[in-house]
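Text of the file work.pdb, holding PDB, C-alpha atoms:
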```
ATOM      1  CA  MET I   1     114.888 -36.174  43.070
ATOM      2  CA  ASP I   2     114.020 -39.524  41.513
ATOM      3  CA  LYS I   3     114.295 -40.240  37.809
ATOM      4  CA  TYR I   4     110.538 -40.109  37.174
ATOM      5  CA  LYS I   5     110.234 -36.624  38.654
ATOM      6  CA  THR I   6     113.348 -35.528  36.767
ATOM      7  CA  LYS I   7     111.760 -36.469  33.479
ATOM      8  CA  MET I   8     108.605 -34.594  34.367
ATOM      9  CA  THR I   9     110.366 -31.412  35.499
ATOM     10  CA  ILE I  10     113.042 -31.013  32.790
ATOM     11  CA  ASN I  11     110.831 -28.486  30.954
ATOM     12  CA  LYS I  12     110.454 -26.468  34.154
ATOM     13  CA  TRP I  13     114.238 -26.340  34.546
ATOM     14  CA  PHE I  14     114.596 -25.262  30.934
ATOM     15  CA  SER I  15     111.995 -22.519  31.342
ATOM     16  CA  TYR I  16     114.578 -20.453  33.231
ATOM     17  CA  ILE I  17     116.758 -20.307  30.105
ATOM     18  CA  SER I  18     115.692 -17.615  27.661
ATOM     19  CA  LEU I  19     117.439 -18.301  24.358
ATOM     20  CA  GLU I  20     115.676 -15.306  22.825
ATOM     21  CA  THR I  21     117.424 -12.840  25.148
ATOM     22  CA  LEU I  22     120.950 -14.163  24.670
ATOM     23  CA  SER I  23     123.535 -12.023  22.895
ATOM     24  CA  GLU I  24     123.203 -11.456  19.161
ATOM     25  CA  SER I  25     126.209 -13.673  18.409
ATOM     26  CA  SER I  26     124.767 -16.516  20.526
ATOM     27  CA  ARG I  27     121.404 -16.280  18.782
ATOM     28  CA  GLN I  28     123.116 -16.413  15.397
ATOM     29  CA  THR I  29     125.162 -19.435  16.464
ATOM     30  CA  ILE I  30     122.001 -21.232  17.643
ATOM     31  CA  SER I  31     120.280 -20.365  14.367
ATOM     32  CA  GLN I  32     123.193 -21.863  12.425
ATOM     33  CA  PHE I  33     123.057 -24.963  14.615
ATOM     34  CA  ASN I  34     119.334 -25.441  13.930
ATOM     35  CA  ARG I  35     119.704 -24.824  10.192
ATOM     36  CA  TYR I  36     121.650 -28.046   9.701
ATOM     37  CA  SER I  37     119.838 -30.190  12.276
ATOM     38  CA  LYS I  38     116.589 -31.834  11.268
ATOM     39  CA  LYS I  39     115.920 -33.838  14.420
ATOM     40  CA  LEU I  40     118.223 -32.380  17.077
ATOM     41  CA  THR I  41     117.593 -28.683  17.536
ATOM     42  CA  PHE I  42     119.782 -26.724  19.941
ATOM     43  CA  LYS I  43     116.971 -26.669  22.501
ATOM     44  CA  LYS I  44     116.510 -30.450  22.368
ATOM     45  CA  VAL I  45     120.253 -31.063  22.637
ATOM     46  CA  LEU I  46     120.489 -28.792  25.665
ATOM     47  CA  LYS I  47     117.539 -30.540  27.338
ATOM     48  CA  LEU I  48     119.071 -33.953  26.690
ATOM     49  CA  PHE I  49     122.429 -33.024  28.143
ATOM     50  CA  LEU I  50     120.875 -31.292  31.149
ATOM     51  CA  TYR I  51     118.959 -34.484  31.791
ATOM     52  CA  ALA I  52     122.091 -36.612  31.297
ATOM     53  CA  ILE I  53     124.097 -34.503  33.747
ATOM     54  CA  ASN I  54     121.410 -34.685  36.423
ATOM     55  CA  ASP I  55     120.883 -38.409  35.856
ATOM     56  CA  GLU I  56     124.671 -39.022  35.873
ATOM     57  CA  THR I  57     124.340 -40.879  32.576
ATOM     58  CA  ASP I  58     127.444 -42.954  31.867
ATOM     59  CA  SER I  59     127.818 -42.360  28.122
ATOM     60  CA  LEU I  60     126.158 -41.193  24.920
ATOM     61  CA  ARG I  61     125.241 -44.811  24.168
ATOM     62  CA  HIS I  62     123.522 -45.033  27.549
ATOM     63  CA  LEU I  63     121.682 -41.761  26.863
ATOM     64  CA  ASP I  64     120.275 -42.972  23.552
ATOM     65  CA  GLN I  65     119.134 -46.218  25.268
ATOM     66  CA  GLN I  66     117.242 -44.225  27.884
ATOM     67  CA  LEU I  67     115.005 -42.787  25.176
ATOM     68  CA  VAL I  68     113.020 -46.050  25.139
ATOM     69  CA  ASN I  69     111.170 -44.587  28.142
ATOM     70  CA  PRO I  70     107.872 -43.089  26.839
ATOM     71  CA  ASN I  71     107.835 -40.350  29.492
ATOM     72  CA  LEU I  72     111.304 -39.155  28.545
ATOM     73  CA  LYS I  73     110.473 -39.323  24.811
ATOM     74  CA  LYS I  74     107.421 -37.146  25.420
ATOM     75  CA  VAL I  75     109.332 -34.557  27.454
ATOM     76  CA  MET I  76     112.187 -34.405  24.953
ATOM     77  CA  GLY I  77     109.868 -34.318  21.959
ATOM     78  CA  MET I  78     111.610 -37.107  20.044
ATOM     79  CA  GLU I  79     111.158 -40.807  19.408
ATOM     80  CA  SER I  80     114.767 -41.951  19.240
ATOM     81  CA  ILE I  81     118.317 -40.768  18.705
ATOM     82  CA  SER I  82     121.614 -42.523  18.037
ATOM     83  CA  TYR I  83     124.766 -41.988  20.042
ATOM     84  CA  SER I  84     126.570 -40.910  16.846
ATOM     85  CA  GLN I  85     124.006 -38.128  16.316
ATOM     86  CA  LEU I  86     124.478 -37.069  19.947
ATOM     87  CA  SER I  87     128.246 -37.079  19.476
ATOM     88  CA  ARG I  88     128.036 -34.863  16.373
ATOM     89  CA  ALA I  89     125.640 -32.488  18.151
ATOM     90  CA  LEU I  90     127.939 -32.242  21.161
ATOM     91  CA  ARG I  91     130.890 -31.333  18.933
ATOM     92  CA  LYS I  92     128.821 -28.623  17.222
ATOM     93  CA  ILE I  93     127.869 -26.779  20.438
ATOM     94  CA  ASP I  94     129.793 -23.521  20.725
ATOM     95  CA  PRO I  95     131.167 -23.079  24.285
ATOM     96  CA  SER I  96     130.580 -19.315  24.071
ATOM     97  CA  VAL I  97     126.809 -19.947  23.869
ATOM     98  CA  LEU I  98     126.954 -22.121  26.991
ATOM     99  CA  MET I  99     128.912 -19.384  28.750
ATOM    100  CA  ASP I 100     126.236 -16.873  27.721
ATOM    101  CA  ILE I 101     123.543 -19.153  29.196
ATOM    102  CA  PHE I 102     125.555 -19.612  32.397
ATOM    103  CA  THR I 103     125.872 -15.834  32.774
ATOM    104  CA  GLN I 104     122.139 -15.391  32.172
ATOM    105  CA  LEU I 105     121.222 -17.958  34.829
ATOM    106  CA  LEU I 106     123.720 -16.512  37.288
ATOM    107  CA  SER I 107     122.131 -13.067  36.897
ATOM    108  CA  LEU I 108     118.746 -14.626  37.606
ATOM    109  CA  VAL I 109     120.101 -16.284  40.752
ATOM    110  CA  HIS I 110     121.512 -12.963  41.958
ATOM    111  CA  GLU I 111     118.139 -11.282  41.429
ATOM    112  CA  LYS I 112     116.234 -13.941  43.360
ATOM    113  CA  THR I 113     118.710 -14.406  46.200
ATOM    114  CA  ALA I 114     119.750 -10.857  46.985
ATOM    115  CA  VAL I 115     121.321 -10.793  50.453
ATOM    116  CA  GLN I 116     123.772  -8.664  52.380
ATOM    117  CA  SER I 117     127.352  -9.229  51.258
ATOM    118  CA  LYS I 118     128.387 -10.134  54.813
ATOM    119  CA  GLU I 119     126.278 -13.286  54.505
ATOM    120  CA  ARG I 120     128.210 -14.548  51.494
ATOM    121  CA  VAL I 121     130.657 -17.404  51.872
ATOM    122  CA  PHE I 122     132.579 -18.555  48.799
ATOM    123  CA  LEU I 123     134.019 -22.063  48.458
ATOM    124  CA  ILE I 124     136.880 -22.459  45.968
ATOM    125  CA  ASP I 125     138.297 -25.750  44.724
ATOM    126  CA  SER I 126     139.584 -27.422  41.582
ATOM    127  CA  SER I 127     138.987 -30.725  39.799
ATOM    128  CA  THR I 128     141.321 -32.322  37.259
ATOM    129  CA  PHE I 129     140.003 -34.144  34.190
ATOM    130  CA  SER I 130     142.340 -36.531  32.369
ATOM    131  CA  LEU I 131     142.218 -36.497  28.558
ATOM    132  CA  ASN I 132     143.627 -38.641  25.782
ATOM    133  CA  LYS I 133     147.161 -37.480  24.924
ATOM    134  CA  THR I 134     146.762 -38.178  21.201
ATOM    135  CA  ARG I 135     143.456 -36.348  20.774
ATOM    136  CA  TYR I 136     144.179 -33.450  23.146
ATOM    137  CA  PRO I 137     147.926 -32.752  22.930
ATOM    138  CA  TRP I 138     147.397 -29.101  23.970
ATOM    139  CA  GLY I 139     146.223 -30.065  27.493
ATOM    140  CA  THR I 140     149.601 -30.225  29.210
ATOM    141  CA  PHE I 141     149.541 -32.552  32.200
ATOM    142  CA  ARG I 142     151.844 -35.599  32.342
ATOM    143  CA  PRO I 143     154.100 -37.387  29.851
ATOM    144  CA  THR I 144     151.476 -40.084  29.215
ATOM    145  CA  LYS I 145     148.237 -38.082  29.362
ATOM    146  CA  SER I 146     146.694 -34.676  28.751
ATOM    147  CA  GLY I 147     144.261 -32.908  31.034
ATOM    148  CA  ILE I 148     142.405 -29.771  32.060
ATOM    149  CA  LYS I 149     141.630 -28.344  35.463
ATOM    150  CA  LEU I 150     138.314 -26.758  36.425
ATOM    151  CA  HIS I 151     138.606 -24.116  39.149
ATOM    152  CA  LEU I 152     135.155 -23.478  40.630
ATOM    153  CA  LYS I 153     133.909 -20.779  42.988
ATOM    154  CA  VAL I 154     130.620 -21.656  44.698
ATOM    155  CA  CYS I 155     128.529 -19.211  46.702
ATOM    156  CA  HIS I 156     127.122 -20.633  49.956
ATOM    157  CA  MET I 157     124.793 -18.039  51.468
ATOM    158  CA  LYS I 158     122.810 -20.121  53.938
ATOM    159  CA  GLU I 159     121.429 -23.625  54.294
ATOM    160  CA  GLY I 160     120.083 -24.737  50.929
ATOM    161  CA  TRP I 161     121.200 -21.596  49.084
ATOM    162  CA  VAL I 162     124.207 -22.705  47.040
ATOM    163  CA  HIS I 163     125.056 -21.822  43.463
ATOM    164  CA  PRO I 164     128.108 -21.684  41.160
ATOM    165  CA  GLU I 165     129.450 -18.134  41.018
ATOM    166  CA  GLN I 166     132.497 -18.300  38.758
ATOM    167  CA  PHE I 167     134.786 -20.790  37.057
ATOM    168  CA  GLU I 168     138.099 -20.872  35.227
ATOM    169  CA  LEU I 169     139.696 -23.548  33.050
ATOM    170  CA  SER I 170     143.433 -24.182  32.917
ATOM    171  CA  HIS I 171     145.926 -26.810  31.866
ATOM    172  CA  ALA I 172     146.009 -29.616  34.416
ATOM    173  CA  SER I 173     149.713 -28.963  35.001
ATOM    174  CA  GLU I 174     149.112 -25.425  36.308
ATOM    175  CA  HIS I 175     149.194 -24.840  40.060
ATOM    176  CA  ASP I 176     146.035 -23.766  41.879
ATOM    177  CA  HIS I 177     147.711 -20.754  43.507
ATOM    178  CA  ASP I 178     148.151 -19.115  40.080
ATOM    179  CA  HIS I 179     144.369 -18.665  39.929
ATOM    180  CA  LEU I 180     143.443 -17.526  43.423
ATOM    181  CA  ASN I 181     143.555 -13.792  42.663
ATOM    182  CA  VAL I 182     140.924 -14.295  39.944
ATOM    183  CA  PHE I 183     138.412 -15.543  42.543
ATOM    184  CA  ILE I 184     139.146 -13.198  45.475
ATOM    185  CA  ASN I 185     137.253 -10.288  43.985
ATOM    186  CA  GLU I 186     134.491  -9.242  46.420
ATOM    187  CA  LYS I 187     134.667  -7.179  49.577
ATOM    188  CA  ARG I 188     133.110  -8.229  52.884
ATOM    189  CA  ALA I 189     132.962 -11.897  51.953
ATOM    190  CA  THR I 190     134.481 -15.044  53.445
ATOM    191  CA  TYR I 191     136.549 -17.343  51.209
ATOM    192  CA  VAL I 192     137.218 -21.003  51.975
ATOM    193  CA  PHE I 193     139.847 -22.950  50.030
ATOM    194  CA  ASP I 194     142.511 -25.570  50.658
ATOM    195  CA  ARG I 195     146.243 -24.986  50.978
ATOM    196  CA  GLY I 196     146.804 -25.829  47.308
ATOM    197  CA  TYR I 197     145.730 -22.244  46.542
ATOM    198  CA  LEU I 198     148.476 -20.897  48.793
TER     199      LEU I 198
END
```
Could you show the structure in this file as structure tokens?
Amino acid sequence: MDKYKTKMTINKWFSYISLETLSESSRQTISQFNRYSKKLTFKKVLKLFLYAINDETDSLRHLDQQLVNPNLKKVMGMESISYSQLSRALRKIDPSVLMDIFTQLLSLVHEKTAVQSKERVFLIDSSTFSLNKTRYPWGTFRPTKSGIKLHLKVCHMKEGWVHPEQFELSHASEHDHDHLNVFINEKRATYVFDRGYL
């Protein structure tokens, strides 16, 4: 999908997220977020970061520079934004709300792609993200750096039907095999993973 089409379809992507039907605690958290944000509402922040992820935007500075594009400004409903405002907004987002949204979208995927369990193939792998040792001392990894590990389970049902099914976060120093039992949780399914999980 090229960048022009991405900018035109971001609202369609967002239409699958129903903030009004999230849990009570998530709705309250979003309300608190919006109360202290004049320009960047929770919905606008989420749209911006969804766009940035899809566009593989390099940094918050790069994201604020992209808002010179009139099409993107129109879709996002804002004229400009500074990287410092984006940084503050990112820090304010409660991860539990994002988890609630992920669960909501996953339920929608299950409804629209109902198939026999024998057709389900799950791919499991992990990715390590290095972090600054001074700012994130809790992320045990190596003597000179911190880090976290994302363990991801992806459902591959048939050609073109792929979606994230489950994920876990751990310290980067933890071995993959400590997390395998969390993902092997469905009968009559095929699991594919590398030897690191054994």
What lies within 12 Å of Arg135 in chain I using all atoms listed in the file, ignoring chain neighbours under 6 positions off, as number ranges by chain? I: 145-147
Residue neighbourhood Glu168 in chain I, 9 Å, all atoms listed in the file, exclusion window fewer than 4 positions, as a list in words: Lys149, Leu150, His151, Leu152, Lys153, His179 and Val182 of chain I
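CA of Leu50 in chain I lies 19.3 Å from CA of Val154 in chain I.
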Step by step, work through what the PyMOL selection byres ((chain I and resi 96) around 12) selects in the shown file, and finish by giving those residues as a PDB file with C-alpha atoms, in the coordinates of the input.
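selection.pdb written:
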```pdb
ATOM      1  CA  LEU I  22     120.950 -14.163  24.670  1.00  0.00           C
ATOM      2  CA  SER I  23     123.535 -12.023  22.895  1.00  0.00           C
ATOM      3  CA  GLU I  24     123.203 -11.456  19.161  1.00  0.00           C
ATOM      4  CA  SER I  25     126.209 -13.673  18.409  1.00  0.00           C
ATOM      5  CA  SER I  26     124.767 -16.516  20.526  1.00  0.00           C
ATOM      6  CA  ARG I  27     121.404 -16.280  18.782  1.00  0.00           C
ATOM      7  CA  GLN I  28     123.116 -16.413  15.397  1.00  0.00           C
ATOM      8  CA  THR I  29     125.162 -19.435  16.464  1.00  0.00           C
ATOM      9  CA  ILE I  30     122.001 -21.232  17.643  1.00  0.00           C
ATOM     10  CA  LYS I  92     128.821 -28.623  17.222  1.00  0.00           C
ATOM     11  CA  ILE I  93     127.869 -26.779  20.438  1.00  0.00           C
ATOM     12  CA  ASP I  94     129.793 -23.521  20.725  1.00  0.00           C
ATOM     13  CA  PRO I  95     131.167 -23.079  24.285  1.00  0.00           C
ATOM     14  CA  VAL I  97     126.809 -19.947  23.869  1.00  0.00           C
ATOM     15  CA  LEU I  98     126.954 -22.121  26.991  1.00  0.00           C
ATOM     16  CA  MET I  99     128.912 -19.384  28.750  1.00  0.00           C
ATOM     17  CA  ASP I 100     126.236 -16.873  27.721  1.00  0.00           C
ATOM     18  CA  ILE I 101     123.543 -19.153  29.196  1.00  0.00           C
ATOM     19  CA  PHE I 102     125.555 -19.612  32.397  1.00  0.00           C
ATOM     20  CA  THR I 103     125.872 -15.834  32.774  1.00  0.00           C
TER      21      THR I 103
END
```
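If you look at CA of Lys112 in chain I and CA of Ala189 in chain I, they are 18.9 Å away from each other.
Our summary of the geometry notes that CA of Asn71 in chain I is positioned 19.9 Å from CA of Asp58 in chain I.
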For the PyMOL selection byres ((chain I and resi 139) around 12), applied here, can you spell out every residue it catches as a list in words?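 Selected by the PyMOL selection byres ((chain I and resi 139) around 12) here: Thr128, Phe129, Ser130, Leu131, Asn132, Lys133, Thr134, Arg135, Tyr136, Pro137, Trp138, Thr140, Phe141, Arg142, Pro143, Thr144, Lys145, Ser146, Gly147, Ile148, Lys149, Leu169, Ser170, His171, Ala172, Ser173 and Glu174 of chain I.
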Complete the atoms of range 13-24 of chain I to all heavy atoms and put them out as a compact mmCIF listing (two decimals), in the frame of the given file.
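Output below, filename rebuild16.txt:
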```txt
# COMPACT_ATOMS: atom_id res chain seq x y z
N TRP I 13 112.85 -26.81 34.44
CA TRP I 13 114.24 -26.34 34.55
C TRP I 13 114.59 -25.47 33.35
O TRP I 13 115.17 -24.41 33.49
CB TRP I 13 115.20 -27.52 34.57
CG TRP I 13 115.08 -28.45 35.71
CD1 TRP I 13 114.35 -28.26 36.87
CD2 TRP I 13 115.68 -29.72 35.84
NE1 TRP I 13 114.48 -29.34 37.69
CE2 TRP I 13 115.28 -30.26 37.09
CE3 TRP I 13 116.52 -30.47 35.02
CZ2 TRP I 13 115.70 -31.50 37.53
CZ3 TRP I 13 116.94 -31.71 35.46
CH2 TRP I 13 116.53 -32.22 36.69
N PHE I 14 114.22 -25.95 32.17
CA PHE I 14 114.60 -25.26 30.93
C PHE I 14 113.89 -23.92 30.80
O PHE I 14 114.38 -23.02 30.11
CB PHE I 14 114.29 -26.14 29.72
CG PHE I 14 115.00 -25.71 28.48
CD1 PHE I 14 116.31 -26.13 28.25
CD2 PHE I 14 114.39 -24.89 27.56
CE1 PHE I 14 116.98 -25.73 27.12
CE2 PHE I 14 115.06 -24.48 26.42
CZ PHE I 14 116.36 -24.91 26.20
N SER I 15 112.75 -23.77 31.47
CA SER I 15 112.00 -22.52 31.34
C SER I 15 112.76 -21.32 31.87
O SER I 15 112.45 -20.18 31.54
CB SER I 15 110.65 -22.64 32.07
OG SER I 15 110.85 -22.73 33.48
N TYR I 16 113.78 -21.55 32.70
CA TYR I 16 114.58 -20.45 33.23
C TYR I 16 115.59 -19.95 32.21
O TYR I 16 116.17 -18.87 32.38
CB TYR I 16 115.31 -20.89 34.50
CG TYR I 16 114.39 -21.12 35.67
CD1 TYR I 16 114.04 -22.42 36.05
CD2 TYR I 16 113.85 -20.06 36.38
CE1 TYR I 16 113.18 -22.64 37.11
CE2 TYR I 16 112.98 -20.27 37.44
CZ TYR I 16 112.65 -21.56 37.81
OH TYR I 16 111.79 -21.78 38.86
N ILE I 17 115.82 -20.72 31.15
CA ILE I 17 116.76 -20.31 30.10
C ILE I 17 115.98 -19.60 29.01
O ILE I 17 115.06 -20.16 28.44
CB ILE I 17 117.50 -21.53 29.52
CG1 ILE I 17 118.28 -22.24 30.61
CG2 ILE I 17 118.43 -21.10 28.38
CD1 ILE I 17 118.92 -23.56 30.16
N SER I 18 116.36 -18.38 28.71
CA SER I 18 115.69 -17.61 27.66
C SER I 18 116.65 -17.45 26.49
O SER I 18 117.48 -16.54 26.46
CB SER I 18 115.26 -16.24 28.20
OG SER I 18 114.70 -15.46 27.18
N LEU I 19 116.55 -18.35 25.52
CA LEU I 19 117.44 -18.30 24.36
C LEU I 19 117.23 -17.03 23.54
O LEU I 19 118.16 -16.53 22.91
CB LEU I 19 117.22 -19.53 23.46
CG LEU I 19 117.48 -20.90 24.10
CD1 LEU I 19 117.20 -22.02 23.10
CD2 LEU I 19 118.91 -20.99 24.63
N GLU I 20 116.01 -16.49 23.61
CA GLU I 20 115.68 -15.31 22.82
C GLU I 20 116.37 -14.05 23.33
O GLU I 20 116.51 -13.06 22.59
CB GLU I 20 114.16 -15.07 22.82
CG GLU I 20 113.33 -16.17 22.17
CD GLU I 20 113.22 -17.42 23.04
OE1 GLU I 20 113.40 -17.31 24.28
OE2 GLU I 20 112.97 -18.50 22.48
N THR I 21 116.79 -14.04 24.59
CA THR I 21 117.42 -12.84 25.15
C THR I 21 118.94 -12.99 25.28
O THR I 21 119.58 -12.16 25.93
CB THR I 21 116.82 -12.51 26.53
OG1 THR I 21 117.01 -13.62 27.41
CG2 THR I 21 115.33 -12.20 26.41
N LEU I 22 119.50 -14.03 24.68
CA LEU I 22 120.95 -14.16 24.67
C LEU I 22 121.55 -13.11 23.75
O LEU I 22 120.84 -12.41 23.03
CB LEU I 22 121.35 -15.57 24.20
CG LEU I 22 120.95 -16.74 25.11
CD1 LEU I 22 121.33 -18.06 24.45
CD2 LEU I 22 121.60 -16.62 26.48
N SER I 23 122.86 -13.00 23.74
CA SER I 23 123.54 -12.02 22.90
C SER I 23 123.26 -12.32 21.42
O SER I 23 122.89 -13.44 21.05
CB SER I 23 125.04 -12.04 23.14
OG SER I 23 125.60 -13.27 22.72
N GLU I 24 123.44 -11.31 20.60
CA GLU I 24 123.20 -11.46 19.16
C GLU I 24 124.06 -12.57 18.57
O GLU I 24 123.58 -13.38 17.77
CB GLU I 24 123.52 -10.13 18.45
CG GLU I 24 123.34 -10.18 16.94
CD GLU I 24 121.91 -10.40 16.49
OE1 GLU I 24 120.98 -10.05 17.25
OE2 GLU I 24 121.72 -10.94 15.38
```
